[in-house]
Amino acid sequence: MMRLLPWAYLLAAFVFIYLPVGTLVLFSFQEGGLPVPPFEGPSLRWYGDILSDGDLMGALGNSLMVAFGSSAVAVTLGFFAAYGLARHVLPGSALLRGLLIAPLTVSYLIVGLGLLIVLTRTGIGLSLVTAGIGHVVINLPLAFAIIYAAMGAQQQNAERAARDLGAGEAQVIALVTVPMLLPAILAAFFLSVTLSWDEFIISFLLTRFDVTLPVEIWSLLRSGLSPRLNAIGSLVFLVSVAVVLLLEILVFRKRP
Amino acid sequence: EGELNALVWCDHTDPALIEPFEEAHDVKVNLREYEGTGAALALLDQSRPGDWDVLVIDGIDVFRAVEAGILAPLPADELPTADFFPEVVMEANNTVDGTTYAVTEKFGYNTISYNSDKVDAADMESLSTVWSEKYDGRISIYDYYLPVMGLAAIAEGIPTADIDAEALDTIGGTLSTMRSRAASVAGVVAAQTALATGEVDIVVGGGEWLTAGLAGEQPELTWTIPEEGAVLWSQSIGVLEGSEQPDLALEFVKYITGPEGQARLATSSCFWGMPANAKAGDVLSDDQKALLRWDQQPDYLERTQLYPAPDMDLDIEMQDLWLETLQQ
Amino acid sequence: MSLQGLNHYFNTFHALKDIALEIAAGEYVTLLGPSGCGKTTLLSVLGGFVQPTRGQVLIGGRDMTRVAPAKRPTTTMFQDYALFPHMSLCDNVGFGLRMAGQGRRARDARAMEMLDLVGLSDAADKRPHALSGGQRQRVALARALAVEPDVLLLDEPLGALDLKLRRAMQDELKEIQRKVGTTFVHVTHDQEEAMAIADRIVVMNAGRIEDEGTPARVYRAPATLFAADFMGEMNHIPAQVTDAGVETAFGALPSQGVRAGRATACLRPEAITTGDAGFALGAATVRDAAFFGTHCRAHVIPEAAPELVLIAHLPPGALPEPGARLMLSTDPAAVKIYPMEA
Amino acid sequence: MSLQGLNHYFNTFHALKDIALEIAAGEYVTLLGPSGCGKTTLLSVLGGFVQPTRGQVLIGGRDMTRVAPAKRPTTTMFQDYALFPHMSLCDNVGFGLRMAGQGRRARDARAMEMLDLVGLSDAADKRPHALSGGQRQRVALARALAVEPDVLLLDEPLGALDLKLRRAMQDELKEIQRKVGTTFVHVTHDQEEAMAIADRIVVMNAGRIEDEGTPARVYRAPATLFAADFMGEMNHIPAQVTDAGVETAFGALPSQGVRAGRATACLRPEAITTGDAGFALGAATVRDAAFFGTHCRAHVIPEAAPELVLIAHLPPGALPEPGARLMLSTDPAAVKIYPMEA
Amino acid sequence: MSDGTARRGWGFTAPALIWTLAFFVVPFVVMGAMSLATLDGRTLVWDLSLANYIELGQKAYLARAIMVSLEITLTVTAVSVLLAYPLAWIIAFHVPRRWQRLALLLAILPFWTSYVVRSYAWLLVLAREGVVNNTLMALGVIAEPVTLANTRFATVTGFVHFFVMLLTLTIFSNLVQLSPNYRRAAMDLGANAFQTFRHVILPLTLPGIVTGAFLTFVLCIGDYVTPQILGGNTELTVPQVIMVQLGRRADFPLAAALAIVLMGIVSLAYLASARWLRLDRI
Ligand SMILES: Nc1ncnc2c1ncn2[C@@H]1O[C@H](COP(=O)(O)OP(=O)(O)OP(=O)(O)O)[C@@H](O)[C@H]1O
Ligand SMILES: Nc1ncnc2c1ncn2[C@@H]1O[C@H](COP(=O)(O)OP(=O)(O)OP(=O)(O)O)[C@@H](O)[C@H]1O
Ligand SMILES: NCCCCNCCCN
Ligand SMILES: [Mg+2]
Ligand SMILES: [Mg+2]
């Protein structure tokens with residue numbers, strides 16, 4: 001009995017975790033117009049529907065752009081900040097680190113609201129770029145923290161060795177630091193893409209005509225309960241899962 | 001290819017509505033949805049002149065936009081108002097000091113939607129029995145304070161036009177009862193969902209806009225205007241002051257208010273509603289007209305009242321009362 | 001290579017104190033000292049990674065105190081080897097040449113030559129993580145030597161290896177130095193390693209140089225009590241220096257020119273022999289003894305000074321039983337006298 | 001304590017092979033072997049953390065093979081010490097007593113007593129992270145001893161310490177074992193440590209016991225070639241065993257009962273002496289030599305077998321120059337013959 | 001030891017610092033200032049008054065929103081930790097090594113459903129005719145469907161689902177980082193499974209738990225989507241009220257004041273957990 005308890009718990013937990021996702025995916029194959037029992041189907045009707053929906057596909061493209069663009073900026077800034085703080089003595093470096101980490105302790109809504117106020121007051125106006133700026137604000141701390149934590153003494157000595165052998169600062173970074181930190185940089189990038197891809201409230205507040213997928217889904221959600229939502233949700237989920245599994249198998253498995 | 005920027009309600013985002021116009025005028029129509037008039041006005045405040053070309057707004061709030069100086073005059077003679085149901089031309093809403101600033105494009109009712117399989121249809125004919133003990137926990141309230149408070153006023157025998165600070169005490173009591181019976185307070189979709197999935201059986205503040213789109217699949221979802229009457233909603237469309245392409249914007253307004261545009265707007269994916277232009281009836285199918293209850297309109301228009309139109313202070317009081325009730 | 005009046009402070013911490021040192025070309029020098037004594041700091045000053053607060057570093061007669069690491073004729077081999085894990089061995093070894101602008105052909109050829117020198121030319125295409133600790137150390141050496149430095153600086157190059165491998169690598173390191181003729185400055189805290197490998201040992205303590213000289217000299221006649229202790233196990237016998245000579249519990253010893261006052265007479269365990277030739281330590285009781293392969297290490301309590309416990313290395317033949325009574329003596333020349341520190 | 005026919009598999013990997021071992025009460029036993037040979041696995045079987053696939057563990061005559069760690073009269077001291085970082089030293093040491101239900105008074109008193117034993121009673125209120133490696137090791141020892149186990153199991157207790165500290169802690173460990181009288185089973189891969197400390201050494205290799213016995217016996221007359229090599233530096237001389245005796249490049253040696261065929265004659269460096277007493281190795285040329293304090297370690301090339309490089313420990317007196325010619329010999333009893341492995 | 005000059009260090013760090021200052025600190029300060037302005041009609045008056053904060057005290061629904069947010073967030077944080085810990089524990093110590101990565105991956109895979117969609121999916125599950133009610137009725141556990149959606153329960157469930165995944169991940173990595181010898185040592189010294197957990201494992205994993213719990217707190221208290229979709233508007237959280245102020249009234253000053261209050265609550269949570277927080281090591 002006691003031996004079975006952990007397994008029973010594990011099973012219950014997985015049921016809880018997969019209940020909404022399973023329901024979502026199941027009813028994306030619903031034939032009828034309502035994603036609730038009874039299940040009629042299976043049918044790919046709604047997948048066809050979303051794939052031919054220009055707004056939705058446009059939002060998907062926007063989301064990809066914002067996610068990859070903002071993550072590239074966040075990781076670049078985070079990397080250089082980590083490099084500067086880990087490899088050079090700066091006065092008040094603990095404070096600087098605190099400042100860089102600070103957005104992590106603030107709700108997204110507040111970040112978005114503050115930016116909204118400033119952007120509209122200064123007349124900069126809203127666009128995908130401003131949403132991207134917001135995403136960099138929230139992802140920079142994570143990218144910085146992950147890369148900073150990975151900058152150990154081992155890399156430092158390798159950098160010194162490279163310098164000792166005649167490499168300039170740019171060469172040290174390009175030929176030694178970045179390649180050695182690649183796993184951490186990739187992890188930061190991947191996490192950042194995931195968070196940006198999924199982020200709603202900042203994108204909601206800071207975009208205008210072109211919106212990201214979560215915002216588009218939100219307005220879809222406001223315009224009718226429909227298996228379309230299940231279909232787009234399932235599609236995003238299944239594609240992401242495929243990417244995650246691929247990464248897991250190709251990239252992370254290799255590491256000991 | 002030009003661009004036209006429109007600040008609209010969700011029913012205007014249906015590609016079936018927009019694409020024909022885009023093709024005809026070789027233009028890209030950028031749409032931004034909003035929910036409440038306050039938000040739209042704030043957004044326009046923060047924009048530069050020329051950012052926006054077209055605005056869709058609650059009929060009742062046109063005067064606020066005019067006061068703020070953001071709407072441009074419309075050439076009244078070029079608009080097809082002659083083809084409109086006369087009751088919804090609503091000069092009082094759309095015209096200030098003799099100048100026309102907007103034109104009605106769609107209307108309908110905030111009343112009672114329900115599931116006829118689950119509730120006694122007779123009970124729905126009187127507001128007093130709708131939110132009675134009998135339907136405790138089976139009601140959802142539409143999450144917009146103006147029509148719902150209008151309904152509450154109507155239930156208490158207060159005309160919506162007469163709502164003032166004093167009347168709010170009475171209305172507050174009714175709202176509170178309504179709220180205590182309600183399982184949820186829901187936006188358009190949440191309300192639709194709740195009704196469609198059997199989460200609730202009644203939506204107070206609903207109407208054709210909530211159930212007509214679902215009726216194909218679930219004919220048991222229906223709506224009625226009870227004997228006390230209900231609230232009439234209307235939305236207007238206008239051109240913004242400072243628009244860099246006023247002509248194109250006007251073309252858009254004409255398209256939306258013309259028979260084809262009206263038919264598409266009436267049956268757009270976000271919510272259905274009656275077209276202001278009666279000529280749309282030639283384009284709509286019989287089934288669609290039946291769902292919209294085309295033929296009952298004269299009777300309905302007779303029995304319903306416009307949204308409350310509070311001034312700034314009263315509006316704030318009404319919103320506070322609304323939020324207070326939600327949080328009770 | 002010449003260091004003059006070097007001092008270095010980390011904030012207020014005085015990490016190097018008045019260091020003066022001459023290193024001849026082709027010499028193998030070890031810096032030996034306990035953890036935290038400033039060895040790495042001194043090596044970093046030589047390599048150019050740390051700028052000393054005061055003092056000068058001359059290499060080949062030129063003042064190099066403020067010259068960047070890359071511009072010096074020195075190359076450093078780091079304790080953890082600091083191999084580039086994402087490059088093949090060949091690319092690692094060729095890195096310095098690449099930075100110097102050499103073409104791929106030329107540098108690959110040179111890298112292969114260096115890998116050959118350290119016996120790893122077969123593995124040129126492998127990555128460092130596929131190598132054992134000892135092999136990595138050789139690659140690091142090859143990489144450092146590939147740029148033909150005048151001076152090779154090694155910071156605890158064997159610190160990460162286990163004891164057995166460490167002893168084996170010492171032989172190799174010395175061998176390679178002999179072949180290439182480069183000056184080696186090698187930091188370690190292991191005195192056995194220092195003795196095994198160095199032409200000259202520099203013993204450091206708390207930022208100062210305590211002693212320097214050949215391994216045999218430093219072991220047999222250390223300049224200070226610290227150096228004496230650090231170079232190997234040492235028995236301390238309280239002594240009193242007078243004008244007449246040195247008094248100990250075991251009798252008088254000839255004076256060694258130490259100023260009068262309390263002093264310590266030092267005696268290595270292997271200098272203690274059974275019998276009564278030389279300076280007699282008298283009878284002693286064995287407390288315990290352990291077999292160490294090449295000798296038996298015993299704790300003995302001399303009857304002349306029962307409060308002392310002496311360590312003696314006895315011949316490996318027979319392990320003395322605890323309680324056994326032995327007659328011990330030593331060569332008086334093996335006893336060194338140091339003044340008691342204040 | 002008695003182990004019988006122990007075998008353990010990790011999935012298909014055969015980690016322990018037919019282990020049989022008797023350990024007497026109060027003995028100090030070391031398990032010695034290279035990394036991965038199964039030492040930790042064997043200790044885990046003793047401690048009850050691993051259930052052997054086959055075989056029995058008897059402690060005090062009772063079968064304990066399937067008894068939980070807590071129920072055994074054994075306590076384990078882990079390689080990383082596993083001190084609880086969130087508890088004071090006193091609470092760490094008192095943990096076992098607390099689990100046994102002792103009140104705070106009683107267990108604090110006992111914890112202080114144990115801390116006193118290891119010389120750390122002053123630091124009772126400190127947290128483990130405030131201690132040096134050596135101090136941590138002592139606390140771990142005190143914690144393990146506080147519950148008065150019959151058998152203390154130590155997994156590389158000195159592995160994390162640097163060489164000097166390691167040697168010092170060996171003395172202490174042995175000293176404490178003497179005081180408390182508990183049986184110690186101590187895992188190490190350092191043969192010097194094993195010799196310094198053990199009453200009995202168990203040499204393991206690839207899951208098997210290769211040899212066991214007193215340090216002197218195992219060092220001088222190891223049962224297998226593996227044990228011979230593992231116990232210290234060893235010169236290998238190719239030999240051929242015939243019915244008549246043993247042939248080597250240096251002449252014939254008396255047979256040692258090894259079966260005929262190719263064989264290896266083994267000779268420790270310290271068994272080689274200058275002169276020609278005993279078994280003569282003939283003239284040899286010094287390739288290089290280094291001073292090691294207690295001896296000079298030289299690589300020599302014997303003229304009789306110029307393809308061999310022998311290591312010899314020569315007296316520390318005079319460091320032989322490279323190229324010097326020496327006459328070497330050894331005691332024939334010091335030469336051990338092992339059959340060539342297939 | 002450092003390898004470069006402070007000037008170079010600034011050069012590398014400055015872009016990130018400037019970004020953070022320009023797009024985080026400045027907006028935050030402006031928002032703070034905004035909270036001291038008031039709205040007269042539709043014009044903003046910079047009168048540096050505390051009127052908005054006073055309003056928070058006067059209008060019951062605003063004070064109530066703070067209470068609701070706190071109640072929900074604390075419930076979610078506590079429940080998520082309590083559910084995630086055993087899950088992480090089982091994956092770390094009961095699941096065989098070779099299946100561990102897979103089990104962990106499975107436990108967090110639904111992370112990659114879109115956040116908005118996840119809440120929506122819960123709506124489908126908890127609906128009156130949804131999966132749960134249908135199943136329970138089919139099993140005969142209940143006769144009538146029970147109301148699950150559009151309640152605080154639904155909001156909490158949606159949140160817990162998300163944060164259980166997050167916390168399982170952080171707690172798991174904490175558990176496996178612990179040397180297995182801590183557990184062995186405790187057991188060896190006579191502790192039973194519970195004592196080992198209580199006296200050794202729990203204190204050692206506390207920093208990980210607190211860090212995860214703090215992030216849960218921050219993300220949960222600031223979230224708009226989940227309560228909006230699942231809560232049925234039967235009670236409003238602070239973010240919902242903020243969005244109401246923005247969306248219906250464009251009352252930026254009051255919204256800013258609410259945001260500052262939210263920030264204040266998060267700061268209190270930070271102070272309460274600062275002792276164990278390891279934010280730069282996530
Ligand atoms: N960057 C620094 N800032 C402050 N103090 C330092 C710094 N680097 C080293 N120190 C201090 O200077 C002293 C000497 O350090 P150093 O690294 O040279 O010692 P070491 O002899 O190499 O020791 P080890 O054998 O442990 O490597 C130590 O006490 C150390 O704490
Ligand atoms: N849980 C396990 N699963 C599979 N193989 C294992 C496991 N534990 C140990 N082994 C294998 O069993 C062999 C013996 O391991 P053990 O840890 O006993 O070695 P050891 O002698 O203690 O080595 P070291 O000196 O490196 O600690 C090793 O080859 C190891 O890889
Ligand atoms: N303003 C509410 C009129 C009723 C129709 N609702 C449509 C929702 C658009 N916000
Ligand atoms: Mg150092
Ligand atoms: Mg081990």
# chains A, B, ... in the order shown; residues from 1 in each chain; ligands from 1

$ residues_near_ligand --ligand "ligand 2" --cutoff "7 Å" --atoms "only C-alpha atoms and all ligand atoms" --output "ChimeraX atom specification"
/D:10-11,13,15,33-42,189

$ write_last_selection --atoms "C-alpha atoms" --output "mmCIF file, in the first residue's frame"
data_model
loop_
_atom_site.group_PDB
_atom_site.id
_atom_site.type_symbol
_atom_site.label_atom_id
_atom_site.label_comp_id
_atom_site.auth_asym_id
_atom_site.auth_seq_id
_atom_site.Cartn_x
_atom_site.Cartn_y
_atom_site.Cartn_z
ATOM 1 C CA PHE D 10 24.129 -2.738 -11.229
ATOM 2 C CA ASN D 11 21.802 -3.847 -13.980
ATOM 3 C CA PHE D 13 27.385 -4.470 -14.552
ATOM 4 C CA ALA D 15 30.348 -4.457 -9.495
ATOM 5 C CA GLY D 33 41.840 0.194 -4.874
ATOM 6 C CA PRO D 34 41.669 2.320 -7.975
ATOM 7 C CA SER D 35 38.677 4.452 -8.854
ATOM 8 C CA GLY D 36 35.652 2.425 -9.877
ATOM 9 C CA CYS D 37 36.864 -0.842 -8.411
ATOM 10 C CA GLY D 38 33.846 -1.196 -6.137
ATOM 11 C CA LYS D 39 35.064 0.180 -2.818
ATOM 12 C CA THR D 40 32.098 2.455 -2.277
ATOM 13 C CA THR D 41 29.729 -0.283 -3.335
ATOM 14 C CA LEU D 42 31.230 -2.690 -0.839
ATOM 15 C CA HIS D 189 42.654 4.909 -3.173
#

$ residues_near_ligand --ligand "ligand 3" --cutoff "10 Å" --atoms "only C-alpha atoms and all ligand atoms" --output "JSON, numbers by chain"
{"A": [222, 223], "B": [8, 9, 10, 11, 33, 34, 35, 36, 37, 57, 58, 59, 60, 106, 107, 108, 109, 110, 111, 142, 143, 144, 145, 146, 147, 148, 187, 188, 189, 205, 206, 207, 208, 209, 210, 231, 232, 233, 234, 235, 270, 271, 272, 273, 307]}

$ residues_near_ligand --ligand "ligand 1" --cutoff "12 Å" --atoms "only C-alpha atoms and all ligand atoms" --output "ChimeraX atom specification"
/A:87-89 /C:7-17,31-45,49-51,78-80,154-157,159,186-190,203-209 /D:162 /E:1-3

$ interface_residues --of "chain A" --to "chain B" --cutoff "8 Å" --atoms "only C-alpha atoms" --output "ChimeraX atom specification"
/A:32-34,36,120-121,123,125,208-209,221-225

$ write_last_selection --atoms "all heavy atoms" --output "short mmCIF file (atom, residue, chain, number, x, y, z; two decimals), in the first residue's frame"
data_model
loop_
_atom_site.label_atom_id
_atom_site.label_comp_id
_atom_site.auth_asym_id
_atom_site.auth_seq_id
_atom_site.Cartn_x
_atom_site.Cartn_y
_atom_site.Cartn_z
N GLY A 32 -18.78 19.50 -34.31
CA GLY A 32 -19.76 20.55 -34.11
C GLY A 32 -19.14 21.87 -33.69
O GLY A 32 -17.93 22.03 -33.66
N GLY A 33 -19.97 22.83 -33.35
CA GLY A 33 -19.51 24.18 -33.09
C GLY A 33 -19.19 24.46 -31.65
O GLY A 33 -18.77 25.57 -31.32
N LEU A 34 -19.37 23.49 -30.76
CA LEU A 34 -19.11 23.76 -29.35
C LEU A 34 -18.10 22.76 -28.78
O LEU A 34 -18.27 21.56 -28.94
CB LEU A 34 -20.40 23.66 -28.56
CG LEU A 34 -21.26 24.92 -28.53
CD1 LEU A 34 -22.50 24.66 -27.69
CD2 LEU A 34 -20.48 26.11 -27.99
N VAL A 36 -17.57 21.25 -26.13
CA VAL A 36 -17.92 20.57 -24.87
C VAL A 36 -18.51 19.21 -25.21
O VAL A 36 -18.94 19.00 -26.34
CB VAL A 36 -18.94 21.38 -24.05
CG1 VAL A 36 -18.31 22.60 -23.42
CG2 VAL A 36 -20.13 21.79 -24.91
N THR A 120 2.89 56.47 -24.40
CA THR A 120 1.83 57.30 -24.94
C THR A 120 2.09 58.77 -24.60
O THR A 120 1.83 59.64 -25.42
CB THR A 120 0.46 56.88 -24.41
OG1 THR A 120 0.51 56.84 -23.00
CG2 THR A 120 0.07 55.52 -24.93
N ARG A 121 2.66 59.05 -23.43
CA ARG A 121 2.94 60.45 -23.06
C ARG A 121 3.99 61.05 -23.99
O ARG A 121 3.96 62.22 -24.29
CB ARG A 121 3.49 60.56 -21.63
CG ARG A 121 2.56 60.11 -20.55
CD ARG A 121 1.73 61.23 -19.99
NE ARG A 121 0.35 60.80 -20.04
CZ ARG A 121 -0.70 61.62 -20.01
NH1 ARG A 121 -0.54 62.92 -19.95
NH2 ARG A 121 -1.91 61.13 -20.06
N GLY A 123 4.51 60.22 -26.93
CA GLY A 123 4.08 60.21 -28.32
C GLY A 123 4.82 59.23 -29.20
O GLY A 123 4.82 59.32 -30.40
N GLY A 125 4.09 56.13 -29.44
CA GLY A 125 3.09 55.31 -30.11
C GLY A 125 3.36 53.84 -29.91
O GLY A 125 4.46 53.44 -29.54
N ARG A 208 -0.69 47.84 -31.27
CA ARG A 208 -1.78 48.61 -31.87
C ARG A 208 -2.51 47.71 -32.88
O ARG A 208 -3.35 46.92 -32.51
CB ARG A 208 -1.23 49.87 -32.51
CG ARG A 208 -2.26 50.97 -32.56
CD ARG A 208 -1.60 52.33 -32.68
NE ARG A 208 -1.16 52.60 -34.03
CZ ARG A 208 -1.55 53.64 -34.75
NH1 ARG A 208 -2.40 54.50 -34.23
NH2 ARG A 208 -1.09 53.85 -35.94
N PHE A 209 -2.17 47.79 -34.15
CA PHE A 209 -2.90 46.98 -35.13
C PHE A 209 -2.35 45.57 -35.22
O PHE A 209 -3.08 44.60 -35.25
CB PHE A 209 -2.85 47.64 -36.51
CG PHE A 209 -3.42 49.00 -36.52
CD1 PHE A 209 -2.70 50.07 -37.01
CD2 PHE A 209 -4.68 49.23 -36.00
CE1 PHE A 209 -3.24 51.33 -37.02
CE2 PHE A 209 -5.23 50.49 -36.01
CZ PHE A 209 -4.51 51.56 -36.52
N LEU A 221 -11.19 34.79 -28.18
CA LEU A 221 -11.89 34.30 -27.00
C LEU A 221 -13.06 35.22 -26.68
O LEU A 221 -14.09 34.79 -26.17
CB LEU A 221 -10.89 34.28 -25.85
CG LEU A 221 -11.25 33.58 -24.57
CD1 LEU A 221 -11.44 32.12 -24.84
CD2 LEU A 221 -10.16 33.77 -23.55
N ARG A 222 -12.90 36.48 -27.02
CA ARG A 222 -13.96 37.43 -26.74
C ARG A 222 -15.01 37.39 -27.83
O ARG A 222 -16.03 38.05 -27.72
CB ARG A 222 -13.39 38.84 -26.66
CG ARG A 222 -12.26 38.96 -25.68
CD ARG A 222 -11.88 40.39 -25.49
NE ARG A 222 -13.07 41.18 -25.16
CZ ARG A 222 -13.66 41.14 -23.99
NH1 ARG A 222 -13.16 40.40 -23.04
NH2 ARG A 222 -14.73 41.86 -23.77
N SER A 223 -14.74 36.66 -28.90
CA SER A 223 -15.72 36.71 -29.97
C SER A 223 -16.38 35.36 -30.19
O SER A 223 -16.88 35.07 -31.25
CB SER A 223 -15.06 37.19 -31.27
OG SER A 223 -14.08 36.28 -31.66
N GLY A 224 -16.37 34.51 -29.18
CA GLY A 224 -17.15 33.29 -29.31
C GLY A 224 -16.40 32.06 -28.84
O GLY A 224 -15.24 31.87 -29.13
N LEU A 225 -17.12 31.24 -28.09
CA LEU A 225 -16.58 29.96 -27.67
C LEU A 225 -16.61 29.07 -28.88
O LEU A 225 -17.66 28.85 -29.46
CB LEU A 225 -17.48 29.39 -26.58
CG LEU A 225 -17.12 28.02 -26.04
CD1 LEU A 225 -15.91 28.13 -25.16
CD2 LEU A 225 -18.29 27.47 -25.26
#

$ select_by_dssp --residues "segment 96-278 of chain B" --states "strand (DSSP E or B)" --output "number ranges by chain"
B: 96, 99-100, 103-115, 139-142, 182-186, 202-206, 221-224, 230-240, 274-275, 277

$ interface_residues --of "chain E" --to "chain D" --cutoff "6 Å" --atoms "only C-alpha atoms" --output "list of chain:residue names"
E:Asn181, E:Tyr182, E:Met187, E:Asp188, E:Leu189, E:Gly190, E:Ala191

$ interface_residues --of "chain C" --to "chain D" --cutoff "7 Å" --atoms "only C-alpha atoms" --output "ChimeraX atom specification"
/C:192,195-196,215-216,219,270,290-294

$ write_last_selection --atoms "N, CA, C and O atoms" --output "short mmCIF file (atom, residue, chain, number, x, y, z; two decimals), in the first residue's frame"
data_model
loop_
_atom_site.label_atom_id
_atom_site.label_comp_id
_atom_site.auth_asym_id
_atom_site.auth_seq_id
_atom_site.Cartn_x
_atom_site.Cartn_y
_atom_site.Cartn_z
N GLU C 192 57.22 17.80 -2.08
CA GLU C 192 57.82 16.66 -2.79
C GLU C 192 57.93 16.97 -4.27
O GLU C 192 58.91 16.66 -4.93
N MET C 195 60.74 19.43 -4.91
CA MET C 195 62.06 18.81 -4.87
C MET C 195 62.30 17.93 -6.08
O MET C 195 63.40 17.88 -6.61
N ALA C 196 61.25 17.25 -6.51
CA ALA C 196 61.42 16.30 -7.61
C ALA C 196 61.80 17.00 -8.91
O ALA C 196 62.45 16.43 -9.76
N PRO C 215 67.13 22.29 -4.25
CA PRO C 215 66.31 21.46 -3.37
C PRO C 215 67.11 20.89 -2.20
O PRO C 215 66.68 20.94 -1.05
N ALA C 216 68.31 20.38 -2.48
CA ALA C 216 69.08 19.75 -1.42
C ALA C 216 69.46 20.76 -0.35
O ALA C 216 69.35 20.50 0.85
N TYR C 219 66.40 21.76 1.66
CA TYR C 219 65.91 20.67 2.51
C TYR C 219 66.84 20.48 3.70
O TYR C 219 66.42 20.37 4.84
N GLU C 270 64.51 11.23 9.37
CA GLU C 270 65.41 10.24 8.80
C GLU C 270 66.84 10.43 9.29
O GLU C 270 67.71 9.59 9.04
N ALA C 290 54.38 2.69 12.18
CA ALA C 290 53.64 2.20 11.02
C ALA C 290 54.63 1.95 9.89
O ALA C 290 55.63 2.66 9.74
N PHE C 291 54.28 0.96 9.10
CA PHE C 291 55.15 0.57 8.00
C PHE C 291 54.83 1.46 6.79
O PHE C 291 53.67 1.65 6.44
N PHE C 292 55.81 2.07 6.18
CA PHE C 292 55.59 2.97 5.05
C PHE C 292 56.27 2.50 3.79
O PHE C 292 56.59 3.30 2.93
N GLY C 293 56.55 1.24 3.71
CA GLY C 293 57.19 0.75 2.50
C GLY C 293 58.69 0.96 2.56
O GLY C 293 59.44 0.03 2.83
N THR C 294 59.14 2.20 2.37
CA THR C 294 60.58 2.44 2.35
C THR C 294 61.15 2.61 3.75
O THR C 294 62.36 2.67 3.92
#

$ residues_around --residues "Leu206 of chain E" --least-positions-apart "6" --cutoff "10 Å" --atoms "only C-alpha atoms" --output "list in words"
Ile171, Asn174, Gly212, Trp276 and Leu277 of chain E

$ write_last_selection --atoms "all heavy atoms" --output "compact mmCIF listing (two decimals), in the first residue's frame"
# COMPACT_ATOMS: atom_id res chain seq x y z
N ILE E 171 11.63 22.91 -7.48
CA ILE E 171 11.88 22.06 -6.31
C ILE E 171 12.65 20.81 -6.72
O ILE E 171 13.57 20.38 -6.02
CB ILE E 171 10.56 21.70 -5.60
CG1 ILE E 171 9.92 22.96 -5.03
CG2 ILE E 171 10.82 20.70 -4.47
CD1 ILE E 171 8.53 22.75 -4.46
N ASN E 174 16.21 21.52 -7.00
CA ASN E 174 16.78 21.64 -5.67
C ASN E 174 17.04 20.28 -5.03
O ASN E 174 18.07 20.07 -4.40
CB ASN E 174 15.80 22.38 -4.76
CG ASN E 174 16.20 23.80 -4.59
OD1 ASN E 174 16.99 24.09 -3.71
ND2 ASN E 174 15.73 24.67 -5.45
N GLY E 212 10.84 29.83 -5.40
CA GLY E 212 9.74 29.44 -6.27
C GLY E 212 8.43 30.05 -5.79
O GLY E 212 7.64 30.56 -6.59
N TRP E 276 15.70 33.91 2.39
CA TRP E 276 15.96 32.65 1.69
C TRP E 276 16.04 32.81 0.17
O TRP E 276 16.31 31.86 -0.53
CB TRP E 276 14.86 31.63 2.01
CG TRP E 276 14.77 31.29 3.45
CD1 TRP E 276 15.57 30.41 4.12
CD2 TRP E 276 13.84 31.80 4.40
NE1 TRP E 276 15.20 30.35 5.43
CE2 TRP E 276 14.13 31.19 5.64
CE3 TRP E 276 12.80 32.71 4.34
CZ2 TRP E 276 13.42 31.46 6.79
CZ3 TRP E 276 12.09 32.98 5.49
CH2 TRP E 276 12.40 32.36 6.71
N LEU E 277 15.72 34.01 -0.30
CA LEU E 277 15.62 34.19 -1.75
C LEU E 277 16.96 34.06 -2.45
O LEU E 277 17.95 34.59 -2.00
CB LEU E 277 15.03 35.57 -2.07
CG LEU E 277 13.52 35.68 -2.10
CD1 LEU E 277 13.14 37.05 -2.63
CD2 LEU E 277 12.94 34.61 -2.99
